[in-house]
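So this block is input_30.pdb, PDB, C-alpha atoms, pLDDT in the B column:
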```pdb
ATOM      1  CA  MET V   8      34.178  63.114 115.394  1.00 35.00           C
ATOM      2  CA  ALA V   9      31.552  61.107 113.535  1.00 38.00           C
ATOM      3  CA  SER V  10      28.218  60.452 115.154  1.00 39.00           C
ATOM      4  CA  PRO V  11      28.019  57.080 116.962  1.00 42.00           C
ATOM      5  CA  VAL V  12      26.337  54.398 114.868  1.00 40.00           C
ATOM      6  CA  PRO V  13      24.012  51.986 116.684  1.00 40.00           C
ATOM      7  CA  ALA V  14      25.232  48.401 116.623  1.00 42.00           C
ATOM      8  CA  ARG V  15      23.187  45.940 114.610  1.00 44.00           C
ATOM      9  CA  GLY V  16      20.519  44.434 116.834  1.00 49.00           C
ATOM     10  CA  SER V  17      20.728  47.152 119.475  1.00 64.00           C
ATOM     11  CA  ALA V  18      17.525  48.533 120.971  1.00 81.00           C
ATOM     12  CA  ARG V  19      16.638  52.209 120.595  1.00 85.00           C
ATOM     13  CA  LEU V  20      14.821  53.778 123.536  1.00 91.00           C
ATOM     14  CA  ARG V  21      13.372  57.283 123.629  1.00 92.00           C
ATOM     15  CA  PHE V  22      12.734  59.422 126.722  1.00 95.00           C
ATOM     16  CA  ASP V  23      10.718  62.622 126.410  1.00 95.00           C
ATOM     17  CA  GLY V  24      10.661  65.158 129.206  1.00 96.00           C
ATOM     18  CA  TRP V  25      12.753  67.682 131.112  1.00 96.00           C
ATOM     19  CA  ILE V  26      16.221  67.901 132.656  1.00 96.00           C
ATOM     20  CA  ALA V  27      17.036  70.488 135.329  1.00 97.00           C
ATOM     21  CA  GLY V  28      20.596  71.100 136.476  1.00 96.00           C
ATOM     22  CA  VAL V  29      21.377  73.281 139.492  1.00 98.00           C
ATOM     23  CA  GLY V  30      24.238  73.973 141.848  1.00 98.00           C
ATOM     24  CA  THR V  31      23.977  74.995 145.490  1.00 98.00           C
ATOM     25  CA  THR V  32      26.113  77.200 147.724  1.00 97.00           C
ATOM     26  CA  SER V  33      27.079  74.103 149.732  1.00 97.00           C
ATOM     27  CA  GLY V  34      28.866  72.744 146.653  1.00 97.00           C
ATOM     28  CA  THR V  35      26.368  69.937 146.004  1.00 98.00           C
ATOM     29  CA  ARG V  36      25.060  69.794 142.428  1.00 98.00           C
ATOM     30  CA  LEU V  37      21.792  68.162 141.393  1.00 98.00           C
ATOM     31  CA  VAL V  38      20.320  66.962 138.102  1.00 97.00           C
ATOM     32  CA  LEU V  39      16.614  66.183 137.897  1.00 98.00           C
ATOM     33  CA  GLY V  40      15.222  64.040 135.093  1.00 97.00           C
ATOM     34  CA  HIS V  41      11.442  64.247 134.708  1.00 98.00           C
ATOM     35  CA  TRP V  42      10.128  61.848 132.051  1.00 98.00           C
ATOM     36  CA  PRO V  43       6.356  61.875 131.394  1.00 97.00           C
ATOM     37  CA  ARG V  44       7.004  59.551 128.426  1.00 96.00           C
ATOM     38  CA  SER V  45       9.559  56.750 128.510  1.00 96.00           C
ATOM     39  CA  PRO V  46       9.843  53.008 127.781  1.00 94.00           C
ATOM     40  CA  PHE V  47       9.399  52.485 131.543  1.00 95.00           C
ATOM     41  CA  GLY V  48       6.315  54.669 131.806  1.00 97.00           C
ATOM     42  CA  PRO V  49       6.325  58.077 133.525  1.00 98.00           C
ATOM     43  CA  PHE V  50       9.072  58.459 136.112  1.00 98.00           C
ATOM     44  CA  SER V  51      11.513  60.955 137.599  1.00 98.00           C
ATOM     45  CA  ASP V  52      15.021  60.521 138.972  1.00 98.00           C
ATOM     46  CA  VAL V  53      17.636  62.679 140.668  1.00 98.00           C
ATOM     47  CA  MET V  54      21.405  62.552 140.329  1.00 98.00           C
ATOM     48  CA  LEU V  55      23.337  64.275 143.128  1.00 98.00           C
ATOM     49  CA  GLU V  56      27.052  64.927 143.429  1.00 98.00           C
ATOM     50  CA  ARG V  57      28.458  66.117 146.753  1.00 97.00           C
ATOM     51  CA  PRO V  58      31.468  68.444 147.099  1.00 97.00           C
ATOM     52  CA  ASP V  59      33.650  65.424 147.966  1.00 97.00           C
ATOM     53  CA  GLY V  60      32.744  63.831 144.611  1.00 96.00           C
ATOM     54  CA  HIS V  61      30.329  61.195 145.942  1.00 98.00           C
ATOM     55  CA  ARG V  62      27.689  60.545 143.264  1.00 98.00           C
ATOM     56  CA  LEU V  63      24.205  59.405 144.302  1.00 98.00           C
ATOM     57  CA  LEU V  64      21.270  58.246 142.169  1.00 98.00           C
ATOM     58  CA  LEU V  65      17.693  58.370 143.436  1.00 98.00           C
ATOM     59  CA  ALA V  66      15.250  56.392 141.272  1.00 98.00           C
ATOM     60  CA  PRO V  67      11.675  55.249 141.970  1.00 98.00           C
ATOM     61  CA  THR V  68      11.916  51.561 141.005  1.00 98.00           C
ATOM     62  CA  ARG V  69      14.593  48.923 140.809  1.00 97.00           C
ATOM     63  CA  ARG V  70      14.061  48.657 137.066  1.00 96.00           C
ATOM     64  CA  THR V  71      14.625  52.369 136.398  1.00 97.00           C
ATOM     65  CA  ALA V  72      17.520  52.433 138.878  1.00 97.00           C
ATOM     66  CA  GLU V  73      19.244  49.560 137.074  1.00 95.00           C
ATOM     67  CA  PHE V  74      18.806  51.201 133.688  1.00 94.00           C
ATOM     68  CA  VAL V  75      20.032  54.648 134.765  1.00 95.00           C
ATOM     69  CA  ALA V  76      22.929  53.183 136.771  1.00 95.00           C
ATOM     70  CA  GLY V  77      23.890  51.105 133.734  1.00 92.00           C
ATOM     71  CA  THR V  78      24.036  54.244 131.600  1.00 92.00           C
ATOM     72  CA  TYR V  79      25.755  56.651 134.025  1.00 93.00           C
ATOM     73  CA  ALA V  80      28.309  56.293 136.834  1.00 94.00           C
ATOM     74  CA  PHE V  81      27.394  56.457 140.538  1.00 97.00           C
ATOM     75  CA  ASP V  82      28.964  55.601 143.856  1.00 97.00           C
ATOM     76  CA  GLU V  83      25.592  54.894 145.467  1.00 98.00           C
ATOM     77  CA  VAL V  84      22.098  54.029 144.205  1.00 98.00           C
ATOM     78  CA  ARG V  85      18.925  54.278 146.262  1.00 98.00           C
ATOM     79  CA  VAL V  86      15.434  53.211 145.244  1.00 98.00           C
ATOM     80  CA  VAL V  87      13.001  55.732 146.735  1.00 98.00           C
ATOM     81  CA  PRO V  88       9.798  57.388 145.483  1.00 98.00           C
ATOM     82  CA  VAL V  89      10.657  60.473 143.410  1.00 98.00           C
ATOM     83  CA  ARG V  90       7.593  62.680 142.989  1.00 98.00           C
ATOM     84  CA  VAL V  91       7.539  65.895 140.928  1.00 98.00           C
ATOM     85  CA  HIS V  92       4.806  68.514 141.213  1.00 98.00           C
ATOM     86  CA  VAL V  93       4.640  71.453 138.797  1.00 97.00           C
ATOM     87  CA  ALA V  94       2.520  74.511 139.587  1.00 97.00           C
ATOM     88  CA  GLY V  95       3.161  77.437 137.258  1.00 95.00           C
ATOM     89  CA  ASN V  96       6.859  78.304 137.474  1.00 96.00           C
ATOM     90  CA  ARG V  97       7.374  76.280 140.645  1.00 98.00           C
ATOM     91  CA  TRP V  98       8.755  72.740 140.533  1.00 98.00           C
ATOM     92  CA  THR V  99       8.773  70.671 143.728  1.00 98.00           C
ATOM     93  CA  VAL V 100      10.607  67.357 144.044  1.00 98.00           C
ATOM     94  CA  ASP V 101       9.857  65.003 146.942  1.00 98.00           C
ATOM     95  CA  ALA V 102      12.217  62.064 147.340  1.00 98.00           C
ATOM     96  CA  ALA V 103      11.662  61.555 151.053  1.00 95.00           C
ATOM     97  CA  PRO V 104      13.388  60.698 153.253  1.00 95.00           C
ATOM     98  CA  VAL V 105      16.514  61.442 151.212  1.00 97.00           C
ATOM     99  CA  LEU V 106      15.862  64.693 149.348  1.00 98.00           C
ATOM    100  CA  GLY V 107      13.511  67.634 149.014  1.00 98.00           C
ATOM    101  CA  LEU V 108      14.071  70.125 146.189  1.00 98.00           C
ATOM    102  CA  SER V 109      12.209  73.190 144.967  1.00 98.00           C
ATOM    103  CA  LEU V 110      12.953  75.162 141.809  1.00 98.00           C
ATOM    104  CA  THR V 111      11.679  78.480 140.493  1.00 98.00           C
ATOM    105  CA  VAL V 112      11.781  78.583 136.710  1.00 97.00           C
ATOM    106  CA  GLY V 113      12.292  81.843 134.841  1.00 96.00           C
ATOM    107  CA  ARG V 114      11.187  82.959 131.422  1.00 91.00           C
ATOM    108  CA  ARG V 115      12.441  81.541 128.172  1.00 92.00           C
ATOM    109  CA  GLY V 116      15.502  83.409 126.854  1.00 86.00           C
ATOM    110  CA  PRO V 117      16.750  83.883 123.265  1.00 84.00           C
ATOM    111  CA  LEU V 118      18.221  80.380 123.095  1.00 80.00           C
ATOM    112  CA  GLY V 119      14.981  78.903 124.398  1.00 78.00           C
ATOM    113  CA  LEU V 120      13.050  80.771 121.713  1.00 81.00           C
ATOM    114  CA  LEU V 121      15.426  79.426 119.079  1.00 78.00           C
ATOM    115  CA  LEU V 122      15.049  75.848 120.324  1.00 78.00           C
ATOM    116  CA  ARG V 123      11.260  76.204 120.402  1.00 81.00           C
ATOM    117  CA  ALA V 124      11.330  77.121 116.713  1.00 76.00           C
ATOM    118  CA  VAL V 125      12.828  73.741 115.771  1.00 78.00           C
ATOM    119  CA  PRO V 126      10.116  71.175 114.931  1.00 70.00           C
ATOM    120  CA  GLY V 127       9.903  68.492 117.593  1.00 73.00           C
ATOM    121  CA  VAL V 128      10.242  65.676 115.055  1.00 76.00           C
ATOM    122  CA  LEU V 129      13.509  67.164 113.810  1.00 73.00           C
ATOM    123  CA  ALA V 130      14.877  67.941 117.288  1.00 71.00           C
ATOM    124  CA  ALA V 131      14.452  64.292 118.279  1.00 71.00           C
ATOM    125  CA  ARG V 132      16.419  62.925 115.317  1.00 74.00           C
ATOM    126  CA  THR V 133      19.908  61.684 116.127  1.00 73.00           C
ATOM    127  CA  PHE V 134      21.445  63.286 113.033  1.00 68.00           C
ATOM    128  CA  TRP V 135      20.157  66.682 114.208  1.00 71.00           C
ATOM    129  CA  THR V 136      21.743  66.324 117.646  1.00 69.00           C
ATOM    130  CA  ALA V 137      25.021  65.393 115.948  1.00 69.00           C
ATOM    131  CA  MET V 138      24.809  68.650 113.995  1.00 67.00           C
ATOM    132  CA  THR V 139      24.005  70.749 117.080  1.00 68.00           C
ATOM    133  CA  ASP V 140      26.715  69.188 119.269  1.00 64.00           C
ATOM    134  CA  PRO V 141      29.481  71.679 118.237  1.00 62.00           C
ATOM    135  CA  VAL V 142      27.128  74.616 118.878  1.00 62.00           C
ATOM    136  CA  ALA V 143      26.112  73.281 122.295  1.00 64.00           C
ATOM    137  CA  ARG V 144      29.753  72.890 123.277  1.00 61.00           C
ATOM    138  CA  VAL V 145      30.495  76.536 122.422  1.00 56.00           C
ATOM    139  CA  LEU V 146      27.318  78.167 123.771  1.00 61.00           C
ATOM    140  CA  LEU V 147      26.603  75.979 126.821  1.00 65.00           C
ATOM    141  CA  GLY V 148      29.730  73.935 127.425  1.00 60.00           C
ATOM    142  CA  VAL V 149      27.785  70.677 127.086  1.00 69.00           C
ATOM    143  CA  ARG V 150      27.685  67.733 124.695  1.00 68.00           C
ATOM    144  CA  THR V 151      24.519  66.480 123.014  1.00 69.00           C
ATOM    145  CA  ARG V 152      25.821  63.049 121.992  1.00 72.00           C
ATOM    146  CA  GLY V 153      28.334  60.514 123.219  1.00 74.00           C
ATOM    147  CA  THR V 154      29.117  57.029 124.475  1.00 78.00           C
ATOM    148  CA  ALA V 155      27.531  55.951 127.755  1.00 77.00           C
ATOM    149  CA  GLY V 156      28.002  52.938 130.029  1.00 76.00           C
ATOM    150  CA  GLY V 157      27.299  49.373 128.989  1.00 75.00           C
ATOM    151  CA  GLY V 158      28.125  49.953 125.320  1.00 81.00           C
ATOM    152  CA  ARG V 159      25.266  52.421 125.014  1.00 86.00           C
ATOM    153  CA  HIS V 160      25.080  55.622 122.981  1.00 86.00           C
ATOM    154  CA  GLU V 161      23.059  58.724 123.824  1.00 85.00           C
ATOM    155  CA  TRP V 162      21.683  61.711 121.960  1.00 85.00           C
ATOM    156  CA  TYR V 163      20.073  64.749 123.627  1.00 84.00           C
ATOM    157  CA  GLY V 164      17.650  66.695 121.424  1.00 84.00           C
ATOM    158  CA  ALA V 165      16.950  69.997 123.218  1.00 84.00           C
ATOM    159  CA  ARG V 166      13.576  71.570 122.425  1.00 85.00           C
ATOM    160  CA  ASP V 167      13.278  74.408 124.955  1.00 90.00           C
ATOM    161  CA  LEU V 168      15.319  76.098 127.684  1.00 91.00           C
ATOM    162  CA  HIS V 169      14.472  78.230 130.723  1.00 95.00           C
ATOM    163  CA  ARG V 170      16.760  79.698 133.356  1.00 95.00           C
ATOM    164  CA  VAL V 171      16.284  78.463 136.917  1.00 97.00           C
ATOM    165  CA  THR V 172      16.139  81.590 139.067  1.00 98.00           C
ATOM    166  CA  ALA V 173      15.950  80.086 142.568  1.00 98.00           C
ATOM    167  CA  ALA V 174      16.402  76.717 144.253  1.00 97.00           C
ATOM    168  CA  ARG V 175      16.367  75.213 147.728  1.00 97.00           C
ATOM    169  CA  ALA V 176      17.378  71.662 148.572  1.00 98.00           C
ATOM    170  CA  VAL V 177      17.494  69.578 151.731  1.00 98.00           C
ATOM    171  CA  HIS V 178      19.508  66.352 151.641  1.00 98.00           C
ATOM    172  CA  GLU V 179      18.987  63.981 154.572  1.00 96.00           C
ATOM    173  CA  GLY V 180      17.993  66.871 156.836  1.00 95.00           C
ATOM    174  CA  ARG V 181      20.833  69.175 155.756  1.00 96.00           C
ATOM    175  CA  ASP V 182      20.022  72.432 153.971  1.00 98.00           C
ATOM    176  CA  LEU V 183      22.227  72.626 150.882  1.00 98.00           C
ATOM    177  CA  GLY V 184      21.943  76.384 150.600  1.00 96.00           C
ATOM    178  CA  SER V 185      20.681  78.612 147.830  1.00 95.00           C
ATOM    179  CA  LEU V 186      21.089  78.472 144.058  1.00 98.00           C
ATOM    180  CA  SER V 187      24.565  78.511 142.554  1.00 97.00           C
ATOM    181  CA  GLU V 188      26.251  77.619 139.279  1.00 96.00           C
ATOM    182  CA  VAL V 189      26.843  73.968 138.403  1.00 96.00           C
ATOM    183  CA  GLU V 190      30.543  74.165 139.196  1.00 94.00           C
ATOM    184  CA  PRO V 191      32.559  72.014 139.004  1.00 94.00           C
ATOM    185  CA  PRO V 192      30.758  70.046 136.280  1.00 93.00           C
ATOM    186  CA  VAL V 193      28.959  66.896 137.388  1.00 95.00           C
ATOM    187  CA  ARG V 194      30.608  63.569 136.527  1.00 93.00           C
ATOM    188  CA  PHE V 195      27.771  61.152 135.873  1.00 94.00           C
ATOM    189  CA  GLY V 196      28.380  60.587 132.172  1.00 85.00           C
ATOM    190  CA  PHE V 197      30.085  61.927 129.070  1.00 77.00           C
ATOM    191  CA  GLY V 198      28.802  65.469 129.655  1.00 72.00           C
ATOM    192  CA  SER V 199      27.552  67.799 132.353  1.00 73.00           C
ATOM    193  CA  THR V 200      24.560  70.141 132.400  1.00 86.00           C
ATOM    194  CA  PRO V 201      25.087  73.812 131.490  1.00 89.00           C
ATOM    195  CA  ARG V 202      27.029  75.790 134.081  1.00 91.00           C
ATOM    196  CA  THR V 203      24.144  78.241 134.374  1.00 93.00           C
ATOM    197  CA  PRO V 204      21.224  76.578 136.233  1.00 96.00           C
ATOM    198  CA  CYS V 205      18.475  75.795 133.757  1.00 94.00           C
ATOM    199  CA  LEU V 206      15.535  73.600 132.837  1.00 96.00           C
ATOM    200  CA  VAL V 207      15.726  71.988 129.400  1.00 92.00           C
ATOM    201  CA  ARG V 208      12.931  70.340 127.450  1.00 92.00           C
ATOM    202  CA  VAL V 209      14.585  67.359 125.809  1.00 89.00           C
ATOM    203  CA  THR V 210      14.077  64.171 123.866  1.00 90.00           C
ATOM    204  CA  THR V 211      16.793  61.681 124.792  1.00 89.00           C
ATOM    205  CA  THR V 212      17.557  58.671 122.604  1.00 89.00           C
ATOM    206  CA  VAL V 213      19.533  55.739 124.000  1.00 90.00           C
ATOM    207  CA  THR V 214      20.735  52.777 121.972  1.00 86.00           C
ATOM    208  CA  SER V 215      21.848  49.708 123.857  1.00 77.00           C
ATOM    209  CA  PRO V 216      22.772  46.088 123.130  1.00 73.00           C
ATOM    210  CA  ASP V 217      21.732  45.009 126.644  1.00 60.00           C
ATOM    211  CA  VAL V 218      18.521  46.818 127.540  1.00 54.00           C
ATOM    212  CA  PRO V 219      16.643  45.044 130.356  1.00 47.00           C
ATOM    213  CA  SER V 220      13.149  43.764 129.613  1.00 41.00           C
ATOM    214  CA  ILE V 221      10.559  46.531 129.633  1.00 41.00           C
ATOM    215  CA  SER V 222       7.533  44.384 128.921  1.00 32.00           C
TER
END
```

Is it possible to give me this structure as structure tokens?
Amino acid sequence: MASPVPARGSARLRFDGWIAGVGTTSGTRLVLGHWPRSPFGPFSDVMLERPDGHRLLLAPTRRTAEFVAGTYAFDEVRVVPVRVHVAGNRWTVDAAPVLGLSLTVGRRGPLGLLLRAVPGVLAARTFWTAMTDPVARVLLGVRTRGTAGGGRHEWYGARDLHRVTAARAVHEGRDLGSLSEVEPPVRFGFGSTPRTPCLVRVTTTVTSPDVPSIS
């Protein structure tokens, strides 16, 4: 399939940061987006899918919530502070009173070393993600490009990858259990995260004909 071509006049937005995808023994799967650089300024968000299929978005502002919810599919959206603290290999996410999440990040594996070798400028180019899409499907079972909501297109340029070796999550006072595979795949957009829990350094490009004002 040919790479999506941005429509004339569409805006191109770039988000630079990290995506973590983890499963839990309760059956709930979580995807953290941590974006130190974005058109909306630094922010983080969490997508959560329960075992019954209910999909929840937690975003820190109405503006970021509207953008993310316009790109992906959710059954519920809540605007709550989403704070991420990184100390060594420990990531802590505080989205009180809805969610608390902690991740332990392992070392970089062979694929992470390979991704690190790709120049950042190249990894962020949409033509490069179109080339890597078939490889990502075979090795990780994920897609790096596709059509999103609202007539938008997305490209994920991976630049690093670490395994997540431990996780604990509490959702509205309920312990979700320990780390598990992301199974079944999450259903927020055109692709899921890798089945094996991991943290990916990524540059995401979104083109959209209807991007809300970010001035």

Exercise for the section: Would you translate the PyMOL selection byres ((chain V and resi 111) around 10) into the concrete set of residues it matches in this file, as JSON, numbers by chain? Expected result: {"V": [95, 96, 97, 98, 99, 109, 110, 112, 113, 170, 171, 172, 173, 174, 175, 205, 206]}

Let me see the file: selected residues, C-alpha atoms, as an mmCIF file, in the coordinates of the input.
```cif
data_model
loop_
_atom_site.group_PDB
_atom_site.id
_atom_site.type_symbol
_atom_site.label_atom_id
_atom_site.label_comp_id
_atom_site.auth_asym_id
_atom_site.auth_seq_id
_atom_site.Cartn_x
_atom_site.Cartn_y
_atom_site.Cartn_z
ATOM 1 C CA GLY V 95 3.161 77.437 137.258
ATOM 2 C CA ASN V 96 6.859 78.304 137.474
ATOM 3 C CA ARG V 97 7.374 76.280 140.645
ATOM 4 C CA TRP V 98 8.755 72.740 140.533
ATOM 5 C CA THR V 99 8.773 70.671 143.728
ATOM 6 C CA SER V 109 12.209 73.190 144.967
ATOM 7 C CA LEU V 110 12.953 75.162 141.809
ATOM 8 C CA VAL V 112 11.781 78.583 136.710
ATOM 9 C CA GLY V 113 12.292 81.843 134.841
ATOM 10 C CA ARG V 170 16.760 79.698 133.356
ATOM 11 C CA VAL V 171 16.284 78.463 136.917
ATOM 12 C CA THR V 172 16.139 81.590 139.067
ATOM 13 C CA ALA V 173 15.950 80.086 142.568
ATOM 14 C CA ALA V 174 16.402 76.717 144.253
ATOM 15 C CA ARG V 175 16.367 75.213 147.728
ATOM 16 C CA CYS V 205 18.475 75.795 133.757
ATOM 17 C CA LEU V 206 15.535 73.600 132.837
#
```

Exercise for the section: Convert the output of the PyMOL selection byres ((chain V and resi 182) around 12) on the shown file into explicit residues, formatted as JSON, numbers by chain. Expected result: {"V": [31, 32, 33, 34, 35, 105, 106, 107, 108, 109, 174, 175, 176, 177, 178, 179, 180, 181, 183, 184, 185, 186]}

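Note that the spacing between atom CA of Pro88 of chain V and atom CA of Val207 of chain V amounts to 22.5 Å.
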
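Atom pair atom CA of Pro43 of chain V / atom CA of Ser187 of chain V: separated by 27.1 Å.
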
Problem - Which of V:Arg208, V:Arg69, V:Ser51, V:Leu37 sits closest to Leu122 of chain V [using all atoms listed in the file] - result: V:Arg208

Problem - Å distance separating atom CA of Leu118 of chain V from atom CA of Thr200 of chain V, one decimal place - result: 15.2 Å

Problem - Spatial neighbours of Gly77 of chain V, 9 Å, all atoms listed in the file, chain gap at least 6 places, as a list of chain:residue names - result: V:Ala155, V:Gly156, V:Gly157, V:Arg159

Problem - Given only C-alpha atoms as the counted atoms, nearest of V:Asp52, V:Pro117, V:Phe74, V:His169 to Val213 of chain V - result: V:Phe74

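Near Leu55 of chain V, within a cut-off of 8 Å and counting only C-alpha atoms, sit the residues Thr35, Arg36, Leu37, Val38, Arg62, Leu63 and Leu64 of chain V, with same-chain residues fewer than 5 positions away left out.
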
Could you write those residues out with C-alpha atoms, as a PDB file, in the frame of the given file?
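Saved the output as selection-v3.pdb:
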```
ATOM      1  CA  THR V  35      26.368  69.937 146.004  1.00 98.00           C
ATOM      2  CA  ARG V  36      25.060  69.794 142.428  1.00 98.00           C
ATOM      3  CA  LEU V  37      21.792  68.162 141.393  1.00 98.00           C
ATOM      4  CA  VAL V  38      20.320  66.962 138.102  1.00 97.00           C
ATOM      5  CA  ARG V  62      27.689  60.545 143.264  1.00 98.00           C
ATOM      6  CA  LEU V  63      24.205  59.405 144.302  1.00 98.00           C
ATOM      7  CA  LEU V  64      21.270  58.246 142.169  1.00 98.00           C
TER       8      LEU V  64
END
```

Could you work out an axis-aligned bounding box for all listed atoms of segment 153-167 of chain V, with 8 Å added on each of the six sides, and give its centre and edge lengths in Å to one decimal, as lines of an AutoDock Vina configuration file?
```
center_x = 21.2
center_y = 61.9
center_z = 125.7
size_x = 31.8
size_y = 41.0
size_z = 24.6
```

Practice task
Specify as a ChimeraX atom specification each residue included when the PyMOL selection byres ((chain V and resi 154) around 10) is applied to this file.
Solution key: /V:10-11,78,152-153,155-162,196-198,213-214

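Comparing V:Thr68, V:Pro204, V:Arg19, V:Pro49 by their smallest distance to Pro192 of chain V, the closest is V:Pro204 (using only C-alpha atoms).
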
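You can rank V:Pro191, V:Pro58, V:Pro126, V:Pro201 by their closest distance to Arg166 of chain V using all atoms listed in the file, and at the top of that list sits V:Pro126.
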
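Comparing V:Val29, V:Val89, V:Ala72, V:Ala131 by their smallest distance to Thr210 of chain V, the closest is V:Ala131 (using only C-alpha atoms).
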
Excluding same-chain residues fewer than 5 positions from Thr211 of chain V, what lies within 10 Å of it counting all atoms listed in the file, as a PDB file with C-alpha atoms, keeping the file's coordinate frame?
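selection_24.pdb written:
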```pdb
ATOM      1  CA  LEU V  20      14.821  53.778 123.536  1.00 91.00           C
ATOM      2  CA  ARG V  21      13.372  57.283 123.629  1.00 92.00           C
ATOM      3  CA  PHE V  22      12.734  59.422 126.722  1.00 95.00           C
ATOM      4  CA  ASP V  23      10.718  62.622 126.410  1.00 95.00           C
ATOM      5  CA  GLY V  24      10.661  65.158 129.206  1.00 96.00           C
ATOM      6  CA  TRP V  25      12.753  67.682 131.112  1.00 96.00           C
ATOM      7  CA  TRP V  42      10.128  61.848 132.051  1.00 98.00           C
ATOM      8  CA  SER V  45       9.559  56.750 128.510  1.00 96.00           C
ATOM      9  CA  ALA V 130      14.877  67.941 117.288  1.00 71.00           C
ATOM     10  CA  ALA V 131      14.452  64.292 118.279  1.00 71.00           C
ATOM     11  CA  ARG V 132      16.419  62.925 115.317  1.00 74.00           C
ATOM     12  CA  THR V 133      19.908  61.684 116.127  1.00 73.00           C
ATOM     13  CA  THR V 136      21.743  66.324 117.646  1.00 69.00           C
ATOM     14  CA  THR V 151      24.519  66.480 123.014  1.00 69.00           C
ATOM     15  CA  ARG V 152      25.821  63.049 121.992  1.00 72.00           C
ATOM     16  CA  GLU V 161      23.059  58.724 123.824  1.00 85.00           C
ATOM     17  CA  TRP V 162      21.683  61.711 121.960  1.00 85.00           C
ATOM     18  CA  TYR V 163      20.073  64.749 123.627  1.00 84.00           C
ATOM     19  CA  GLY V 164      17.650  66.695 121.424  1.00 84.00           C
ATOM     20  CA  ALA V 165      16.950  69.997 123.218  1.00 84.00           C
TER      21      ALA V 165
END
```

Taking the point (12.2, 63.6, 138.5) as given in the file, collect each protein or nucleic acid residue that comes within 6 Å of it, counting all atoms listed in the file, and present the set as a PDB file with C-alpha atoms, keeping the file's coordinate frame.
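Listing of selection.pdb after writing:
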```
ATOM      1  CA  LEU V  39      16.614  66.183 137.897  1.00 98.00           C
ATOM      2  CA  GLY V  40      15.222  64.040 135.093  1.00 97.00           C
ATOM      3  CA  HIS V  41      11.442  64.247 134.708  1.00 98.00           C
ATOM      4  CA  SER V  51      11.513  60.955 137.599  1.00 98.00           C
ATOM      5  CA  ASP V  52      15.021  60.521 138.972  1.00 98.00           C
ATOM      6  CA  VAL V  53      17.636  62.679 140.668  1.00 98.00           C
ATOM      7  CA  VAL V  91       7.539  65.895 140.928  1.00 98.00           C
TER       8      VAL V  91
END
```

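For the residues V:Pro104, V:Gly127, V:Gly48, V:Gly60, ranking by smallest atom-to-atom distance to Asp82 of chain V using all atoms listed in the file places V:Gly60 first.
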